[in-house]
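Source file: data-v5.txt (compact mmCIF, C-alpha atoms and all ligand atoms)
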```
# COMPACT_ATOMS: atom_id res chain seq x y z
CA MET A 275 91.63 -69.05 61.75
CA THR A 276 90.17 -71.93 59.74
CA VAL A 277 87.02 -70.84 58.00
CA THR A 278 83.90 -73.00 58.31
CA VAL A 279 80.71 -72.03 56.53
CA ARG A 280 77.42 -73.76 55.99
CA PHE A 281 74.69 -73.60 53.39
CA ALA A 282 71.40 -74.36 55.09
CA PRO A 283 68.45 -74.86 52.75
CA SER A 284 65.14 -76.29 53.91
CA PRO A 285 64.18 -79.36 51.90
CA THR A 286 60.70 -77.99 51.26
CA GLY A 287 61.38 -77.42 47.56
CA ARG A 288 64.15 -77.57 44.97
CA LEU A 289 66.86 -74.93 44.79
CA HIS A 290 66.28 -71.75 42.82
CA ALA A 291 68.45 -68.87 41.67
CA GLY A 292 68.09 -67.05 44.99
CA ASN A 293 69.31 -69.78 47.27
CA ILE A 294 72.03 -71.09 44.98
CA ARG A 295 73.52 -67.64 45.07
CA THR A 296 73.84 -68.05 48.85
CA ALA A 297 75.42 -71.48 48.29
CA ILE A 298 77.87 -70.11 45.73
CA ILE A 299 78.91 -67.13 47.83
CA ASN A 300 79.54 -69.47 50.78
CA ALA A 301 81.43 -71.93 48.58
CA LEU A 302 83.64 -69.27 46.99
CA PHE A 303 84.45 -67.64 50.30
CA ALA A 304 85.37 -71.02 51.86
CA ARG A 305 87.43 -72.03 48.83
CA LYS A 306 89.38 -68.82 48.80
CA ALA A 307 90.14 -69.18 52.52
CA GLY A 308 90.98 -72.89 52.22
CA GLY A 309 88.05 -73.51 54.57
CA THR A 310 85.25 -76.01 54.99
CA PHE A 311 81.78 -75.95 53.45
CA ILE A 312 79.03 -77.83 55.27
CA LEU A 313 75.64 -78.70 53.87
CA ARG A 314 72.94 -78.44 56.51
CA LEU A 315 69.42 -79.54 55.76
CA ASP A 316 67.02 -77.46 57.84
CA ASP A 317 64.32 -80.09 58.00
CA THR A 318 62.62 -79.40 61.32
CA ASP A 319 59.37 -78.63 59.48
CA LYS A 320 58.22 -82.25 59.18
CA GLU A 321 55.07 -81.41 57.25
CA ARG A 322 56.79 -79.69 54.37
CA SER A 323 60.25 -81.34 54.26
CA THR A 324 60.62 -84.39 52.03
CA GLU A 325 63.35 -86.90 51.31
CA ALA A 326 62.90 -86.28 47.57
CA PHE A 327 63.56 -82.54 47.98
CA ALA A 328 66.61 -83.30 50.15
CA ARG A 329 68.04 -85.54 47.42
CA GLY A 330 67.11 -83.00 44.76
CA ILE A 331 68.97 -80.26 46.63
CA GLU A 332 72.10 -82.42 46.88
CA GLU A 333 71.84 -83.18 43.18
CA ASP A 334 71.48 -79.49 42.34
CA ILE A 335 74.50 -78.44 44.41
CA ALA A 336 76.63 -81.28 43.08
CA TRP A 337 75.68 -80.34 39.52
CA LEU A 338 76.97 -76.82 40.17
CA GLY A 339 80.31 -78.37 41.15
CA ILE A 340 80.06 -77.40 44.81
CA GLU A 341 81.40 -80.03 47.19
CA TRP A 342 80.51 -80.30 50.85
CA SER A 343 82.78 -81.91 53.39
CA GLU A 344 79.97 -82.79 55.76
CA LYS A 345 76.20 -83.05 55.64
CA VAL A 346 73.97 -82.68 58.68
CA ARG A 347 70.24 -82.82 59.12
CA GLN A 348 68.48 -80.91 61.82
CA SER A 349 66.02 -83.76 62.30
CA ASP A 350 68.95 -85.89 63.56
CA ARG A 351 69.94 -83.31 66.12
CA LEU A 352 66.76 -82.71 68.14
CA ALA A 353 68.38 -83.96 71.36
CA ARG A 354 70.98 -81.19 71.06
CA TYR A 355 68.24 -78.58 70.75
CA ASP A 356 66.42 -80.02 73.77
CA ALA A 357 69.62 -79.72 75.80
CA ALA A 358 69.94 -76.06 74.79
CA VAL A 359 66.30 -75.50 75.74
CA GLU A 360 66.92 -76.91 79.22
CA LYS A 361 69.89 -74.64 79.65
CA LEU A 362 67.93 -71.56 78.58
CA LYS A 363 65.03 -72.45 80.88
CA GLU A 364 67.38 -72.85 83.83
CA MET A 365 68.83 -69.44 83.12
CA GLY A 366 65.36 -67.92 82.94
CA ARG A 367 65.90 -66.91 79.32
CA LEU A 368 63.09 -69.07 77.90
CA TYR A 369 59.53 -68.52 79.08
CA PRO A 370 56.14 -69.95 78.19
CA ALA A 371 53.52 -67.71 76.63
CA TYR A 372 49.91 -68.64 75.95
CA GLU A 373 48.45 -65.98 73.66
CA THR A 374 46.68 -67.24 70.57
CA PRO A 375 47.62 -65.72 67.18
CA GLU A 376 44.34 -63.76 67.30
CA GLU A 377 45.12 -62.32 70.72
CA LEU A 378 48.59 -61.32 69.58
CA GLU A 379 47.15 -59.68 66.47
CA LEU A 380 44.74 -57.69 68.62
CA LYS A 381 47.60 -56.48 70.84
CA ARG A 382 49.54 -55.41 67.77
CA LYS A 383 46.59 -53.46 66.40
CA ARG A 384 46.06 -51.68 69.68
CA GLN A 385 49.73 -50.73 69.92
CA LEU A 386 49.74 -49.42 66.35
CA ALA A 387 46.54 -47.47 66.99
CA ARG A 388 48.30 -45.79 69.93
CA GLY A 389 51.26 -45.01 67.70
CA LYS A 390 53.47 -47.54 69.49
CA PRO A 391 55.75 -50.10 67.89
CA PRO A 392 54.09 -53.54 67.76
CA VAL A 393 56.48 -55.26 70.17
CA TYR A 394 55.43 -58.20 72.34
CA ASP A 395 54.54 -56.76 75.77
CA ARG A 396 55.94 -59.69 77.79
CA ALA A 397 52.60 -60.16 79.53
CA ALA A 398 53.49 -63.85 79.87
CA LEU A 399 56.35 -62.98 82.21
CA GLU A 400 53.77 -61.79 84.75
CA LEU A 401 51.90 -65.10 84.86
CA THR A 402 51.96 -66.95 88.16
CA ASP A 403 52.10 -70.74 88.35
CA GLU A 404 48.34 -70.76 89.08
CA ASP A 405 47.66 -68.59 85.99
CA LYS A 406 49.65 -71.00 83.85
CA ALA A 407 47.88 -74.05 85.30
CA ALA A 408 44.52 -72.39 84.62
CA LEU A 409 45.47 -71.58 81.02
CA GLU A 410 46.66 -75.14 80.46
CA ALA A 411 43.46 -76.49 82.00
CA GLU A 412 41.64 -74.46 79.30
CA GLY A 413 43.53 -76.62 76.81
CA ARG A 414 46.10 -73.97 75.85
CA LYS A 415 49.58 -75.15 74.99
CA PRO A 416 52.47 -72.76 75.59
CA HIS A 417 54.85 -71.51 72.98
CA TRP A 418 58.26 -70.51 74.27
CA ARG A 419 59.91 -67.15 73.92
CA PHE A 420 63.56 -66.22 74.30
CA LYS A 421 63.97 -63.32 76.71
CA LEU A 422 66.16 -60.77 74.99
CA GLU A 423 68.46 -58.57 76.99
CA PRO A 424 67.54 -54.92 76.39
CA ARG A 425 70.86 -53.73 75.03
CA ASP A 426 72.52 -52.71 71.81
CA VAL A 427 73.71 -55.62 69.69
CA VAL A 428 76.52 -54.67 67.34
CA TRP A 429 78.19 -56.68 64.63
CA GLU A 430 80.52 -55.95 61.72
CA ASP A 431 78.55 -57.33 58.80
CA LEU A 432 80.81 -58.64 56.03
CA VAL A 433 78.61 -56.94 53.44
CA ARG A 434 76.64 -54.24 55.22
CA GLY A 435 79.32 -52.94 57.54
CA ARG A 436 78.72 -52.10 61.20
CA GLN A 437 75.18 -52.91 62.32
CA HIS A 438 73.48 -51.73 65.50
CA VAL A 439 70.25 -53.22 66.75
CA ASP A 440 68.55 -52.14 69.96
CA ALA A 441 67.35 -55.50 71.24
CA GLY A 442 65.10 -53.65 73.66
CA SER A 443 62.99 -52.61 70.66
CA LEU A 444 62.42 -56.21 69.48
CA SER A 445 59.79 -58.77 70.42
CA ASP A 446 61.16 -61.75 72.30
CA PRO A 447 61.37 -64.35 69.52
CA VAL A 448 59.35 -67.55 69.72
CA LEU A 449 61.77 -70.49 69.66
CA ILE A 450 59.29 -73.35 70.17
CA ARG A 451 55.77 -73.47 68.78
CA GLY A 452 52.69 -74.55 70.73
CA ASP A 453 52.94 -78.01 69.15
CA GLY A 454 56.47 -78.42 70.53
CA THR A 455 58.28 -78.01 67.18
CA PHE A 456 61.26 -75.71 66.80
CA LEU A 457 61.31 -72.60 64.72
CA TYR A 458 64.53 -72.10 62.81
CA THR A 459 66.17 -69.60 65.19
CA LEU A 460 67.50 -71.85 67.97
CA PRO A 461 68.45 -75.02 66.01
CA SER A 462 70.49 -72.87 63.65
CA VAL A 463 72.49 -71.39 66.53
CA VAL A 464 73.02 -74.77 68.24
CA ASP A 465 74.24 -76.25 64.93
CA ASP A 466 76.52 -73.32 64.23
CA ILE A 467 78.07 -73.77 67.68
CA ASP A 468 78.45 -77.56 67.41
CA LEU A 469 79.83 -77.46 63.87
CA GLY A 470 82.26 -74.67 64.63
CA VAL A 471 80.80 -72.35 62.00
CA THR A 472 82.97 -69.25 61.79
CA HIS A 473 80.98 -67.25 59.22
CA VAL A 474 77.22 -67.21 58.72
CA ILE A 475 76.66 -65.98 55.18
CA ARG A 476 73.07 -65.68 54.10
CA GLY A 477 70.55 -63.43 52.39
CA GLU A 478 69.47 -60.04 53.65
CA ASP A 479 66.08 -61.50 54.51
CA HIS A 480 67.76 -62.92 57.63
CA VAL A 481 69.20 -59.65 58.96
CA ALA A 482 66.38 -59.34 61.49
CA ASN A 483 67.30 -62.75 62.98
CA THR A 484 70.87 -61.77 63.68
CA ALA A 485 70.61 -59.73 66.87
CA PRO A 486 68.44 -62.35 68.64
CA GLN A 487 70.75 -65.09 67.37
CA ILE A 488 73.84 -63.27 68.65
CA GLN A 489 72.19 -63.10 72.07
CA LEU A 490 71.43 -66.82 71.81
CA PHE A 491 75.07 -67.64 71.04
CA GLU A 492 76.05 -65.67 74.11
CA ALA A 493 73.37 -67.21 76.31
CA LEU A 494 74.69 -70.64 75.28
CA SER A 495 78.21 -69.53 76.27
CA ALA A 496 79.53 -69.42 72.71
CA LYS A 497 81.25 -66.75 70.73
CA ALA A 498 79.00 -65.58 67.90
CA PRO A 499 80.40 -66.17 64.41
CA ASP A 500 80.89 -63.38 61.89
CA PHE A 501 77.82 -62.55 59.83
CA GLY A 502 77.42 -61.46 56.24
CA HIS A 503 74.07 -60.69 54.62
CA HIS A 504 74.17 -60.50 50.86
CA ASN A 505 71.74 -58.65 48.62
CA LEU A 506 68.72 -60.49 47.29
CA LEU A 507 67.62 -61.12 43.71
CA VAL A 508 65.00 -59.35 41.67
CA GLY A 509 63.94 -60.01 38.09
CA ALA A 510 65.29 -58.25 35.00
CA GLU A 511 62.77 -55.42 35.46
CA GLY A 512 63.35 -55.15 39.19
CA GLN A 513 60.23 -57.23 39.94
CA ALA A 514 59.98 -59.78 42.76
CA LEU A 515 60.96 -63.29 41.69
CA SER A 516 58.54 -66.17 41.91
CA LYS A 517 59.97 -69.42 43.25
CA ARG A 518 57.58 -71.24 40.95
CA ASP A 519 59.17 -69.81 37.80
CA LYS A 520 60.82 -72.78 36.08
CA SER A 521 63.61 -70.74 34.50
CA LEU A 522 64.73 -69.83 38.04
CA SER A 523 65.01 -73.40 39.32
CA ILE A 524 68.33 -75.18 39.04
CA GLN A 525 66.48 -78.20 37.75
CA GLY A 526 64.93 -76.03 35.02
CA MET A 527 68.31 -74.55 34.08
CA ARG A 528 69.73 -78.04 33.88
CA GLU A 529 66.91 -79.32 31.70
CA GLU A 530 67.32 -76.32 29.43
CA GLY A 531 70.89 -77.52 28.89
CA LEU A 532 72.75 -74.66 30.56
CA GLU A 533 76.35 -75.20 31.64
CA PRO A 534 76.80 -75.39 35.41
CA LEU A 535 79.80 -73.09 35.10
CA ALA A 536 77.69 -70.49 33.32
CA VAL A 537 75.12 -70.62 36.11
CA VAL A 538 77.85 -70.35 38.75
CA SER A 539 79.65 -67.54 36.91
CA TYR A 540 76.40 -65.65 36.53
CA ALA A 541 75.27 -66.11 40.13
CA ALA A 542 78.71 -65.12 41.40
CA THR A 543 78.97 -61.90 39.43
CA ILE A 544 75.46 -60.39 39.35
CA GLY A 545 75.01 -57.79 42.03
CA THR A 546 78.77 -57.26 42.31
CA SER A 547 81.16 -54.68 40.92
CA ASP A 548 82.77 -57.36 38.70
CA PRO A 549 81.68 -57.62 35.06
CA ILE A 550 79.32 -60.49 34.26
CA ALA A 551 81.56 -62.91 32.40
CA PRO A 552 82.14 -66.64 32.02
CA HIS A 553 84.88 -68.08 34.24
CA ASP A 554 86.85 -71.28 33.74
CA SER A 555 86.40 -72.76 37.19
CA LEU A 556 85.23 -72.24 40.74
CA ASP A 557 88.87 -71.63 41.65
CA VAL A 558 89.09 -68.64 39.31
CA LEU A 559 85.82 -67.27 40.68
CA ALA A 560 86.97 -67.90 44.26
CA GLU A 561 90.20 -66.02 43.61
CA ALA A 562 88.18 -62.97 42.53
CA PHE A 563 85.65 -63.25 45.36
CA ASP A 564 85.48 -60.39 47.84
CA PHE A 565 82.60 -59.29 50.07
CA GLY A 566 83.56 -55.70 49.33
CA LYS A 567 82.42 -56.19 45.72
CA LEU A 568 78.85 -57.10 46.67
CA SER A 569 76.43 -54.30 46.05
CA ARG A 570 73.84 -53.29 48.65
CA ALA A 571 71.22 -52.84 45.93
CA PRO A 572 69.26 -55.91 44.78
CA ALA A 573 70.95 -58.06 42.13
CA ARG A 574 69.09 -58.47 38.84
CA PHE A 575 68.60 -62.02 37.65
CA ASP A 576 67.76 -62.13 33.95
CA PRO A 577 67.37 -65.59 32.35
CA HIS A 578 68.08 -64.02 28.93
CA GLU A 579 71.39 -62.62 30.14
CA LEU A 580 72.24 -66.01 31.64
CA GLY A 581 71.54 -67.60 28.23
CA LEU A 582 73.96 -65.18 26.56
CA LEU A 583 76.61 -65.93 29.17
CA ASN A 584 76.10 -69.64 28.57
CA ALA A 585 76.68 -69.19 24.83
CA LYS A 586 79.77 -67.08 25.51
CA LEU A 587 81.17 -69.79 27.76
CA LEU A 588 80.53 -72.53 25.18
CA HIS A 589 82.33 -70.50 22.52
CA THR A 590 85.50 -70.62 24.60
CA LEU A 591 85.41 -74.25 25.76
CA PRO A 592 88.07 -76.56 24.35
CA PHE A 593 87.03 -79.92 22.94
CA SER A 594 88.49 -81.76 25.94
CA ALA A 595 86.00 -80.01 28.23
CA VAL A 596 82.99 -81.30 26.30
CA ALA A 597 84.17 -84.53 24.64
CA ASP A 598 82.33 -86.85 27.05
CA ARG A 599 79.08 -84.97 26.87
CA LEU A 600 79.22 -84.75 23.07
CA ALA A 601 79.69 -88.53 22.96
CA GLU A 602 76.61 -88.90 25.20
CA LEU A 603 74.66 -86.81 22.67
CA GLY A 604 75.85 -89.18 19.91
CA VAL A 605 77.99 -86.45 18.38
CA THR A 606 81.19 -88.12 17.21
CA GLY A 607 82.69 -85.39 15.06
CA GLY A 608 85.77 -84.87 17.22
CA GLU A 609 87.73 -81.69 17.68
CA ALA A 610 87.36 -80.42 14.11
CA PHE A 611 83.58 -80.54 14.43
CA TRP A 612 83.61 -78.87 17.85
CA ASP A 613 85.84 -76.05 16.64
CA ALA A 614 83.54 -75.56 13.66
CA VAL A 615 80.26 -75.34 15.57
CA ARG A 616 80.94 -74.09 19.11
CA GLY A 617 80.57 -70.45 18.04
CA ASN A 618 77.02 -71.18 16.88
CA LEU A 619 75.69 -72.81 20.03
CA GLU A 620 73.38 -71.40 22.65
CA VAL A 621 73.38 -74.64 24.64
CA LEU A 622 75.59 -77.69 24.20
CA LYS A 623 72.82 -79.92 22.94
CA ASP A 624 72.45 -77.65 19.87
CA ALA A 625 75.63 -79.41 18.69
CA LYS A 626 73.46 -82.39 17.88
CA ASP A 627 71.51 -80.40 15.28
CA TRP A 628 74.71 -79.32 13.57
CA TRP A 629 75.96 -82.88 13.67
CA THR A 630 72.81 -83.88 11.78
CA VAL A 631 73.58 -81.13 9.27
CA VAL A 632 77.02 -82.69 8.76
CA THR A 633 76.05 -86.35 8.66
CA GLY A 634 72.58 -85.95 7.18
CA PRO A 635 70.18 -86.75 5.91
CA ILE A 636 69.03 -83.17 5.41
CA GLU A 637 66.84 -81.57 2.75
CA PRO A 638 69.00 -79.21 0.73
CA VAL A 639 67.48 -75.90 -0.39
CA ILE A 640 68.17 -75.25 -4.07
CA ASP A 641 67.18 -71.77 -5.27
CA ASP A 642 69.14 -71.77 -8.51
CA PRO A 643 69.67 -75.27 -9.99
CA ASP A 644 71.93 -74.00 -12.83
CA PHE A 645 74.24 -72.26 -10.41
CA CYS A 646 74.45 -75.38 -8.23
CA ALA A 647 75.09 -77.53 -11.30
CA ALA A 648 78.03 -75.30 -12.22
CA ALA A 649 79.32 -75.63 -8.65
CA VAL A 650 79.09 -79.43 -8.86
CA GLU A 651 81.35 -79.45 -11.92
CA LEU A 652 83.99 -77.45 -10.05
CA LEU A 653 83.91 -79.37 -6.75
CA PRO A 654 87.54 -80.45 -6.07
CA LEU A 655 88.50 -84.07 -5.51
CA GLU A 656 89.27 -85.21 -1.96
CA PRO A 657 91.28 -85.06 0.31
CA TRP A 658 89.71 -81.88 1.62
CA ASP A 659 90.88 -79.42 4.22
CA GLU A 660 90.02 -75.87 5.28
CA GLU A 661 91.54 -74.52 2.04
CA THR A 662 89.07 -76.46 -0.11
CA TRP A 663 86.18 -74.03 0.39
CA GLY A 664 88.27 -71.05 -0.79
CA THR A 665 89.67 -72.91 -3.80
CA TRP A 666 86.25 -74.14 -4.83
CA THR A 667 84.31 -70.88 -4.37
CA GLY A 668 87.11 -69.04 -6.18
CA ALA A 669 86.57 -71.31 -9.16
CA VAL A 670 82.76 -70.94 -8.99
CA LYS A 671 83.12 -67.17 -8.87
CA ALA A 672 85.41 -67.18 -11.92
CA GLU A 673 82.99 -69.42 -13.82
CA THR A 674 79.65 -67.79 -12.91
CA GLY A 675 80.62 -64.21 -12.04
CA ALA A 676 78.69 -64.49 -8.76
CA LYS A 677 80.29 -62.92 -5.73
CA GLY A 678 79.59 -62.09 -2.07
CA LYS A 679 76.22 -63.20 -0.82
CA ALA A 680 75.08 -64.32 -4.29
CA LEU A 681 78.01 -66.72 -4.37
CA PHE A 682 77.97 -68.05 -0.81
CA GLN A 683 74.29 -68.13 0.13
CA PRO A 684 73.07 -70.63 -2.52
CA LEU A 685 75.97 -72.93 -1.61
CA ARG A 686 75.19 -72.69 2.12
CA LEU A 687 71.49 -73.39 1.51
CA ALA A 688 72.30 -76.39 -0.67
CA LEU A 689 74.97 -77.84 1.63
CA THR A 690 73.28 -77.28 5.00
CA GLY A 691 69.61 -76.56 4.26
CA GLN A 692 70.03 -73.52 6.56
CA PRO A 693 70.44 -69.79 5.86
CA HIS A 694 72.98 -69.35 8.72
CA GLY A 695 75.51 -71.48 10.50
CA PRO A 696 79.12 -72.32 11.16
CA GLU A 697 81.86 -71.38 8.72
CA LEU A 698 81.64 -73.48 5.60
CA LYS A 699 85.38 -73.75 5.22
CA GLN A 700 85.25 -75.84 8.42
CA LEU A 701 81.99 -77.67 7.72
CA LEU A 702 82.72 -78.66 4.12
CA PRO A 703 85.52 -81.16 4.88
CA LEU A 704 83.26 -82.73 7.53
CA ILE A 705 80.34 -83.05 5.11
CA GLY A 706 82.62 -84.68 2.53
CA ARG A 707 82.43 -84.84 -1.24
CA GLU A 708 79.87 -87.60 -1.61
CA ARG A 709 77.20 -85.90 0.48
CA ALA A 710 78.07 -82.45 -0.89
CA LEU A 711 77.52 -83.67 -4.46
CA LYS A 712 74.11 -85.13 -3.64
CA ARG A 713 72.99 -82.04 -1.77
CA LEU A 714 74.09 -79.71 -4.58
CA ARG A 715 71.98 -81.85 -6.92
CA GLY A 716 68.98 -81.39 -4.62
CA GLU A 717 68.96 -84.90 -3.17
CA ALA A 718 68.36 -85.49 0.54
CA ALA A 719 71.69 -86.71 1.96
N1 LIG B 1 67.09 -72.52 56.44
C1 LIG B 1 67.36 -71.12 56.43
C2 LIG B 1 67.00 -70.59 55.04
O1 LIG B 1 66.94 -71.36 54.11
C3 LIG B 1 68.82 -70.87 56.74
C4 LIG B 1 69.14 -69.48 57.15
C5 LIG B 1 70.56 -69.31 57.61
O2 LIG B 1 71.46 -69.46 56.79
O3 LIG B 1 70.79 -69.05 58.78
O4 LIG B 1 66.73 -69.43 54.87
```
What do you get writing this file as structure tokens?
Ligand code: GLU
Amino acid sequence: MTVTVRFAPSPTGRLHAGNIRTAIINALFARKAGGTFILRLDDTDKERSTEAFARGIEEDIAWLGIEWSEKVRQSDRLARYDAAVEKLKEMGRLYPAYETPEELELKRKRQLARGKPPVYDRAALELTDEDKAALEAEGRKPHWRFKLEPRDVVWEDLVRGRQHVDAGSLSDPVLIRGDGTFLYTLPSVVDDIDLGVTHVIRGEDHVANTAPQIQLFEALSAKAPDFGHHNLLVGAEGQALSKRDKSLSIQGMREEGLEPLAVVSYAATIGTSDPIAPHDSLDVLAEAFDFGKLSRAPARFDPHELGLLNAKLLHTLPFSAVADRLAELGVTGGEAFWDAVRGNLEVLKDAKDWWTVVTGPIEPVIDDPDFCAAAVELLPLEPWDEETWGTWTGAVKAETGAKGKALFQPLRLALTGQPHGPELKQLLPLIGRERALKRLRGEAA
């Protein structure tokens, strides 16, 4: 079977950690199976969907390195939904109902007060044509409900295992609002049928939609796809996540300078039995992907942990993987510079600060001018390599008697202006003799 999945965000905002996890799980599953990944923009909510959000979502997914083979928009497909509506009406599976939200609320309260489940009582099914005409004459507009068949719906969830839902215990879902617009339930099923979606993989918050949707697939004479509902995200302390939190938006992560591969690696491994670790590519992550590894408990999303993973990833990246982006940052130190500093970076753009430390000008910090003067006298002539630091500090130690921190720290402060940083045996040849001499004498260089 060829696998076809879709990622179906609504363009009513930018992507955040929660929904990219859905995108990544879909992408990895499709990649592993050699299948197809479709991007579907669920933009039937005209009020809240915008073109700018749609473009932003595409940008976010592309930045993560996820490619889609096809893009569809629900707003282009309304005629298909209308056709499905006609079919359902003819079959008697779609019926008009006229209750206002207040009336429905009152019914619910009464049922709860009587200790009954708050399920829609199907009063609308009893309406005669005259009743309906009278309600419409009052100015009421119908919403349309899908008549569920009162039977057990069973599916083998890819994550949750076998699921049973007694459809007789559910309210008939509203498919069309009073203003004629579609809720998500029906368009999603029509699209999944037309696009040949084989696996619907989405968050656990959609579990309750599945039984009605399976009945919709069947009513529309289609075989329902497989379903998988993955665990949702909570914060580091188990708290609910706020979509407004900038550190959770892909745009925010990007602006912060995080590596897309770190974000993907993190999102793909939290809430699974695999260790959280940086991976080299989507292919490597896809190879390891397995629904059986997803935990049923919520996955913890901790921006701090993501930052650490990002640093870990940078520390392993070869120069070739970052050369273009370093050039964009104006960092032209080549491979020797990258190898010297990558272990000290939290985000790639930190490389720029170390490049300034190499090329200057920086303000050296001179704690002991006499010591630095002695070091100046012993500074070897160029050419320099990674041995130079050892040769030089050996000579300074012999001359001054300083050793350990007392030997290295004043030299680091003078040469870099910083108490910590990359290994000096690698930085020194990049700084070069001329600048090193000036800095050891306390001059900005
Ligand atoms: N637009 C829906 C969402 O963003 C899609 C749900 C689904 O995948 O079926 O939650």
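Look at everything within 7 Å of (64.5, -73.5, 69.7) using only C-alpha atoms, and the residues you get are Tyr355, Val359, Leu449, Ile450, Phe456, Leu457, Thr459, Leu460 and Pro461 of chain A.
Near ligand LIG 1 (chain B), at a distance of at most 8 Å and with only C-alpha atoms and all ligand atoms counted, sit the residues Arg280, Phe281, Ala282, Pro283, Ser284, Asn293, Leu315, Asp316, Tyr458, Thr459, Ser462, Val474, Ile475, Arg476, Gly477, Asp479 and His480 of chain A.
Taking only C-alpha atoms into account, the protein, DNA and RNA residues within 9 Å of (82.8, -64.6, 48.8) read A:Ile298, A:Ile299, A:Asn300, A:Ala301, A:Leu302, A:Phe303, A:Ala304, A:Arg305, A:Lys306, A:Ile475, A:Ala542, A:Ala560, A:Ala562, A:Phe563, A:Asp564, A:Phe565, A:Gly566, A:Lys567, A:Leu568.
Counting all atoms listed in the file and comparing A:Gly617, A:Gly675, A:Pro643, A:Gly339, the residue that lies closest to A:Arg715 is A:Pro643.
Counting from atom CA of A:Gly678, the distance to atom CA of A:Leu702 is 18.0 Å.
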(request) Give me the residues within 8 Å of stretch 492-499 of chain A as a list in words, counting all atoms listed in the file and dropping any in the same chain fewer than 5 places off. (result) Ala358, Lys361, Leu362, Ile467, Val471, Thr472, His473 and Val474 of chain A
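Atom CA of A:Thr296 lies 28.5 Å from atom CA of A:Lys623.
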(request) Give me, please, the distance in Å between atom CA of A:Arg354 and atom CA of A:Val464, quoted to one decimal. (result) 7.3 Å
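Distances from A:Ile312, A:Gly366, A:Ile340, A:Glu511 to A:Leu556 were compared using all atoms listed in the file, and the smallest one belongs to A:Ile340.
Distances here use all atoms listed in the file; by that measure, the residue among A:Pro375, A:Pro657, A:Pro635, A:Gly330 closest to A:Arg709 is A:Pro635.
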(request) Could you check which of A:Gly581, A:Leu600, A:Leu714, A:Lys586 is closest to A:Asp644, using only C-alpha atoms? (result) A:Leu714
(message) From the options A:Glu377, A:Glu478, A:Glu321, A:Glu661, which residue's atoms come nearest to A:Gly292, counting only C-alpha atoms?
(response) A:Glu478
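Distance check against A:Gln437 using all atoms listed in the file: of A:His503, A:His578, A:Lys671, A:Arg713, the minimum falls on A:His503.
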Write out as AutoDock Vina command-line options an axis-aligned box for stretch 371-386 of chain A: all of its atoms listed in the file, 5 Å added on each side, centre and edge lengths in Å with one decimal.
```
--center_x 48.9 --center_y -59.0 --center_z 71.5 --size_x 19.2 --size_y 29.2 --size_z 20.3
```
